[in-house]
Each structure stands twice: as C-alpha cells, then as structure tokens.
Amino acid sequence: MLLEARDITFCYDKNNRKILENFHLQVESQERVGLVAPSGFGKTTLCKILAGYEQPEGGEVLLDGRPLSSYGRYCPVQMIWQHPEQVINPRLRMKAVLEEGDQVEERIVGELGIEPEWLSRYPGELSGGELQRFCIARALGKRTRFLLADEISTMLDLITQSQIWGFLMEECTRRGIGLVAVSHSQPLLERVCTRIQSL
Amino acid sequence: MEIEEVKDREEREPEELLHIEHLSVSFEQYQGGMEKGDLQVIRDLNVTIRKGEITAVVGASGSGKSLLAHAVLGILPYNATRRGKINYRGQELTQEREAKLRGREIVLVPQSIGFLDPLMKIGPQIRKGKKDKASRKRVDAILKGYSLKPEVGELYPFELSGGMNRRVLVSTALMETPRLVIADEPTPGLEMKLARRVMEHFRELADQGAGVLLITHDLELAMETADWIVVFYGGTTLEEARASDFQEEKLLRHPYTRALWRAMPQNGFAAIPGTQPYAAHMPTGCPFGPRCSRCTEECLQPVPWKEIRGGRVRCAHTEE
C-alpha cells in the first residue's frame, strides 16, 4: 500500500505563518521513514493530518489513491502519541483501553511485555513506559496498515526504548505495516528507519 | 609526608556539598479497606554532590529520581517517612534547616514550565514578589545573561515560546545565590541544540561554585554535561561513576549500567527483556537480580555499596 500526502498546507491561525506549506510525503508499506525538523516545525501537526485528526487547509491525504475518509470507521493509519497519559481515558481500566483498539491480538499484548496484572489497573497506577506499551498495542489493531510514531520513546529509559522499537520493527515487517517515526534523536532514527526525510 | 598527601587530596578533590547515606523513603498506604501498610519506594540510597560539579542521576521512571529531589527539599507528601542521613555542608539537614534553605541556598528547577504562574508577569515571578530597586536590577541582569530583553519581564508566560520559558525557569533559581541547584528533568522534548544550551546554564552555575543535581533519563545528555553519573534502579543506587567511564562499556561496574549502555542506539540498541519490579514486589537483594544473567545466591541478600576503581557499585560480582 501507499500512503501519500499531496501538497499539504496548514496553519493554526488565519493571520499566522503557515506551519506546513506544499508538503509532500510518500510512504510504502515496507518502508520506515524518519522525520526530522526543529521544534515547532509541524511534525506533530503533520502526523495528526496523516491520521485524519486534522483537515489540511490545502492538499490531501491518500491511501492507495483513495482519500483517507473513504475507509470507513476504522482509520487504517493509526497514531501513537508522545504523552501516553494524555491519550488514555483516566476512568477506564487498562483492559477496556485495549478493547478500544481493533481486535488487538493476545500475541501483541504479550510481546510488548504487558503483564496480565496491569489489565485490571487504572492509568494512574501505571508508569509512562507501561502506559505507552498499551497505546502501542491499541494502535496495532487488525486493520492497521500504517503507523505514525510521534516521539513515542522520549519519556522512556534506554532499555525500554530499545525493547519497544525492537518489537515495532519486527511487527511492522511481519505484517507489512508502513511506519513514520518522528524523533529528535538522530542515532535512534538511523537505527530504526529505512530512510530519513527533513521537514 | 602523610599529612602532605591528605592536604594534596583535599585540594584536588572538590568539597562535598551534599552527602546522602542509607536514605529510605516509604509511604503509608491503605490496602483494601482499613489495613495500613508501608510501601517502601527508596531504600539504602547513597548520593554525593560536590561543589562546582554536576552530578546526574539517571534511571527509569519509577526508580525514585524525583522523590530524591523532594526528600532533599523536604517537600515529601504527608504520608511519607524519610530515614537515613542527609548532610548538607557538613551538618545534618534537618526539617528546620530545609525550610530555611530551600528557595534560597537550595533551589529547584522544576520539571515543567507548567510550574510558572500563568497569571504573574515574568519579572515579579523571578523576583518572587520583591519590589526593591536592587531586586529589579538583578532581574534585568539575569535576563540579560540569558539573552532575554528587559521587556520580557513585563510579559506573561503565555507570551513567550517554550524555550524562553525554560530559560525563565532556570532564572528563578538565580535570584538568590544558590549553593545547591536541583534540576528535575529540565530538557524533555527539547531538541539537542536547545537542551545543550540549558545544560550550559547549569555548567555556569557550577563554575560559580554551586553543586548541581541533574535528574534525567537522558543518558546521552548526562554523559555530555555531567561530571558524575549516578544510576538509579528500583529505588536504590546501583552505581556511581565518572561520566568519562561511559566512554567504554568495560569501565562500567554494574550489569544494569552496562545493559543501559548497550541499549543506546549508537552502541548496538540491544534490549534485555523484562521491566523494573513494582515497589511492592521489590526483591530483598539486588533489584536488578531477576533480569541479570550473573545473578547468584549472593545477589538475593542485600548487596553492600562498595568502592571500586574510583567509583561505587552495588554488585556482588564486580571485579577490581
């Protein structure tokens, strides 16, 4: 499959400068693309547009030539966010958080090192690294075809970081999921990605 | 001859500013109904901060890094109990002393710019409400030192960029002349260039004679800027090493530190399985034991903190 951003233009405030201007990106299923840019250059905004959370001012996002919105209720492009504690409903137990995903396989939950005991806890009772594992599992539902990882390991210690990336690289290869990774760490992107693009 | 040697060493070795020994912190908790229990989150922790040096504390989230800062400042929550010894400038740091020194001699640079008061202008915020001429002058000088214009003092936090607000946070620590600066994760999400600039500020404070305790999970940054790196895991200190020891894996002393080193993207990106145990299930011996390939009978008992090759380590298997 091919995920394509065509001529994307975006600004938050009509009078303000454009965050993105005529931006192009093509990602194939077998690719892992790293995105680099200084703070405030619209990396997160771009991820939100690619995942269908924001509508661009100009341009379009196409998946195999069809607009993203034509794919029904489950978006095949899923995003993993920088701050897991902000994208989990604090009033749901972790088991229910996982069920928000698209029939997430048991295997994935196990391979991410999620302990069965964590499933009955509330988000407030887990650390950032533990929560992020749930967010990754939730994004890897059955119909996911592309994954956007926006600074997903900045709050993690090095060992957890390499555990999680090791798993993601293997899972993406196995299922033919394309990956877009945003990070400030050049050495990390060089390890993870098949190519790196500057914004 | 002997006296000479001692004197020589004193001159070479920077003065100890803060000395923490056998620190433990536990929380009183209710467990299912009316049962009260103690949850021990920090145990047998040792850290030394020296004048003019930056000591970085690195470790996974939940390893007790921030609690250490709170323990030194005396701002632990009401249900926490602190045991062990904290010496500051050669004298015990009691609660009364803490209350007198914090915000003056001992200052905290908090974790998030969310700690700035959104309804208070930058200038008064750095001055902490003082209105005299000398304080105003000092604020202008501090702002200038961080390449911020005096006009910034008249703005509110929301009118500044993230990087500017970070500099304001560091500025609040400079209003008094701090002897000990505690910085809790001062650079998260900042690109390397900005993070380095923040670190330069701390280096300047150290050069002026302060001791800096830098709490971070960013080992790469710690390696670049700190003099000492202390490795936390499961609520205790596993290793204290010179930052230069991190240039080579074989100079490191604890298997966990070596695992951290190997997990760096530039050093192989290798992951060991497992996670840090939850405080309630912490083993009596080495907290890293369950994940360590060298774990033996000895590691199941409390392991002493010992000096090896100019650093310190809590491992039964490290050789000289």
# chains A, B, ... in the order shown; residues from 1 in each chain; ligands from 1
call {"tool": "select_by_dssp", "arguments": {"residues": "range 86-308 of chain B", "states": "helix (DSSP H, G or I)", "output": "ChimeraX atom specification"}}
result
/B:95-101,113-115,122-127,133-145,150-154,157-159,162-172,192-207,219-225,243-247,249-251,255-263,265-267,279-281,289-291,297-300
call {"tool": "closest_atom_pairs", "arguments": {"of": "range 37-113 of chain A", "to": "range 121-130 of chain A", "cutoff": "8 Å", "atoms": "only C-alpha atoms", "output": "tab-separated table"}}
result
residue	atom	partner	partner_atom	distance
A:His83	CA	A:Gly128	CA	7.9
A:Pro84	CA	A:Gly128	CA	6.6
A:Glu85	CA	A:Gly128	CA	6.9
A:Ile88	CA	A:Pro123	CA	7.2
A:Asn89	CA	A:Pro123	CA	7.8
A:Pro90	CA	A:Pro123	CA	5.7
A:Arg91	CA	A:Tyr122	CA	7.0
A:Leu92	CA	A:Tyr122	CA	6.4
A:Arg93	CA	A:Tyr122	CA	4.6
A:Met94	CA	A:Arg121	CA	5.9
call {"tool": "closest_residue", "arguments": {"among": "B:Val231, B:Ala141, B:Leu260, B:Ala71", "to": "chain A", "atoms": "only C-alpha atoms"}}
result
B:Leu260
call {"tool": "atom_distance", "arguments": {"atom1": "CA of Trp118 in chain A", "atom2": "CA of Gly274 in chain B"}}
result
14.1 Å
call {"tool": "select_by_dssp", "arguments": {"residues": "range 150-283 of chain B", "states": "strand (DSSP E or B)", "output": "ChimeraX atom specification"}}
result
/B:180-184,211-216,228-233,236-242
call {"tool": "residues_around", "arguments": {"residues": "Asp227 in chain B", "least_positions_apart": "4", "cutoff": "10 Å", "atoms": "only C-alpha atoms", "output": "ChimeraX atom specification"}}
result
/B:50,52-56,212,222-223,241-244
call {"tool": "residues_around", "arguments": {"residues": "Val61 in chain A", "least_positions_apart": "6", "cutoff": "7 Å", "atoms": "only C-alpha atoms", "output": "PyMOL selection string"}}
result
chain A and resi 4-6+50+67-68
call {"tool": "write_last_selection", "arguments": {"atoms": "N, CA and C atoms", "output": "PDB file, in the first residue's frame"}}
result
ATOM      1  N   GLU A   4       0.125   8.643   1.040  1.00  0.00           N
ATOM      2  CA  GLU A   4       0.631   9.777   0.292  1.00  0.00           C
ATOM      3  C   GLU A   4       0.062  11.085   0.847  1.00  0.00           C
ATOM      4  N   ALA A   5       0.939  12.032   1.130  1.00  0.00           N
ATOM      5  CA  ALA A   5       0.487  13.376   1.482  1.00  0.00           C
ATOM      6  C   ALA A   5       0.799  14.257   0.280  1.00  0.00           C
ATOM      7  N   ARG A   6      -0.246  14.870  -0.276  1.00  0.00           N
ATOM      8  CA  ARG A   6      -0.053  15.653  -1.501  1.00  0.00           C
ATOM      9  C   ARG A   6      -0.300  17.119  -1.237  1.00  0.00           C
ATOM     10  N   LEU A  50      -2.033  13.229   8.794  1.00  0.00           N
ATOM     11  CA  LEU A  50      -1.904  11.916   8.156  1.00  0.00           C
ATOM     12  C   LEU A  50      -2.850  10.885   8.778  1.00  0.00           C
ATOM     13  N   PRO A  67      -9.037   8.861  -0.830  1.00  0.00           N
ATOM     14  CA  PRO A  67      -8.941   9.707   0.369  1.00  0.00           C
ATOM     15  C   PRO A  67      -9.158   8.886   1.640  1.00  0.00           C
ATOM     16  N   LEU A  68      -8.455   9.296   2.676  1.00  0.00           N
ATOM     17  CA  LEU A  68      -8.475   8.587   3.954  1.00  0.00           C
ATOM     18  C   LEU A  68      -9.895   8.406   4.484  1.00  0.00           C
TER      19      LEU A  68
END
call {"tool": "interface_residues", "arguments": {"of": "chain A", "to": "chain B", "cutoff": "6 Å", "atoms": "only C-alpha atoms", "output": "ChimeraX atom specification"}}
result
/A:157-159,162-163,184,187-188
call {"tool": "write_last_selection", "arguments": {"atoms": "C-alpha atoms", "output": "PDB file, in the first residue's frame"}}
result
ATOM      1  CA  ASP A 157      14.613   4.789  29.688  1.00  0.00           C
ATOM      2  CA  LEU A 158      17.045   3.364  27.147  1.00  0.00           C
ATOM      3  CA  ILE A 159      16.260  -0.300  27.753  1.00  0.00           C
ATOM      4  CA  SER A 162      15.066  -0.437  22.588  1.00  0.00           C
ATOM      5  CA  GLN A 163      12.573  -3.105  23.738  1.00  0.00           C
ATOM      6  CA  HIS A 184      14.828  14.417  17.905  1.00  0.00           C
ATOM      7  CA  PRO A 187      21.041   7.930  16.251  1.00  0.00           C
ATOM      8  CA  LEU A 188      17.636   6.427  17.051  1.00  0.00           C
TER       9      LEU A 188
END
call {"tool": "closest_residue", "arguments": {"among": "A:Leu148, A:Cys75, A:Val36, A:Ile164", "to": "Ile114 in chain A", "atoms": "only C-alpha atoms"}}
result
A:Ile164
call {"tool": "residues_around", "arguments": {"residues": "range 279-286 of chain B", "least_positions_apart": "4", "cutoff": "9 Å", "atoms": "only C-alpha atoms", "output": "list in words"}}
result
Leu39, Gln40, Val41, Ile42, Gly62, Ser63, Gly234, Gly235, Leu238, Pro290, Cys295, Glu298, Cys299, Leu300, Gln301, Pro302, Val303, Arg314 and Cys315 of chain B
call {"tool": "atom_distance", "arguments": {"atom1": "CA of Leu148 in chain B", "atom2": "CA of Phe115 in chain B"}}
result
19.6 Å
call {"tool": "atom_distance", "arguments": {"atom1": "CA of Pro277 in chain B", "atom2": "CA of Ile20 in chain B"}}
result
23.8 Å
call {"tool": "residues_around", "arguments": {"residues": "Val109 in chain A", "least_positions_apart": "5", "cutoff": "9 Å", "atoms": "only C-alpha atoms", "output": "list in words"}}
result
Leu98, Val104, Ile114, Glu115, Arg133, Phe134 and Ala137 of chain A
call {"tool": "write_last_selection", "arguments": {"atoms": "N, CA and C atoms", "output": "tab-separated table (two decimals), in the first residue's frame"}}
result
chain	number	residue	atom	x	y	z
A	98	LEU	N	-7.45	-1.34	26.01
A	98	LEU	CA	-7.02	-2.23	24.92
A	98	LEU	C	-8.18	-2.54	23.98
A	104	VAL	N	-7.25	-6.34	19.00
A	104	VAL	CA	-5.80	-6.49	19.19
A	104	VAL	C	-5.47	-7.92	19.63
A	114	ILE	N	3.38	-6.59	28.34
A	114	ILE	CA	2.28	-6.14	29.22
A	114	ILE	C	1.92	-7.28	30.15
A	115	GLU	N	2.06	-7.04	31.46
A	115	GLU	CA	1.78	-8.09	32.44
A	115	GLU	C	0.27	-8.21	32.63
A	133	ARG	N	3.18	1.16	26.32
A	133	ARG	CA	3.02	-0.18	25.75
A	133	ARG	C	1.56	-0.44	25.38
A	134	PHE	N	0.64	0.01	26.23
A	134	PHE	CA	-0.79	-0.16	25.93
A	134	PHE	C	-1.17	0.65	24.69
A	137	ALA	N	-0.05	-1.18	21.63
A	137	ALA	CA	-0.91	-2.34	21.37
A	137	ALA	C	-2.24	-1.88	20.77
call {"tool": "residues_around", "arguments": {"residues": "Gly101 in chain A", "least_positions_apart": "2", "cutoff": "8 Å", "atoms": "only C-alpha atoms", "output": "NGL selection string"}}
result
:A and (97-99 or 103-104 or 137-141)
call {"tool": "closest_residue", "arguments": {"among": "B:Thr81, B:Gln125, B:Thr94, B:Thr237", "to": "Pro157 in chain B", "atoms": "only C-alpha atoms"}}
result
B:Gln125
call {"tool": "closest_residue", "arguments": {"among": "A:Leu179, A:Met1, A:Met155, A:Val87", "to": "Arg32 in chain A", "atoms": "only C-alpha atoms"}}
result
A:Leu179
call {"tool": "closest_residue", "arguments": {"among": "B:Gly211, B:Leu205, B:Val170, B:Thr236", "to": "His22 in chain B", "atoms": "only C-alpha atoms"}}
result
B:Thr236
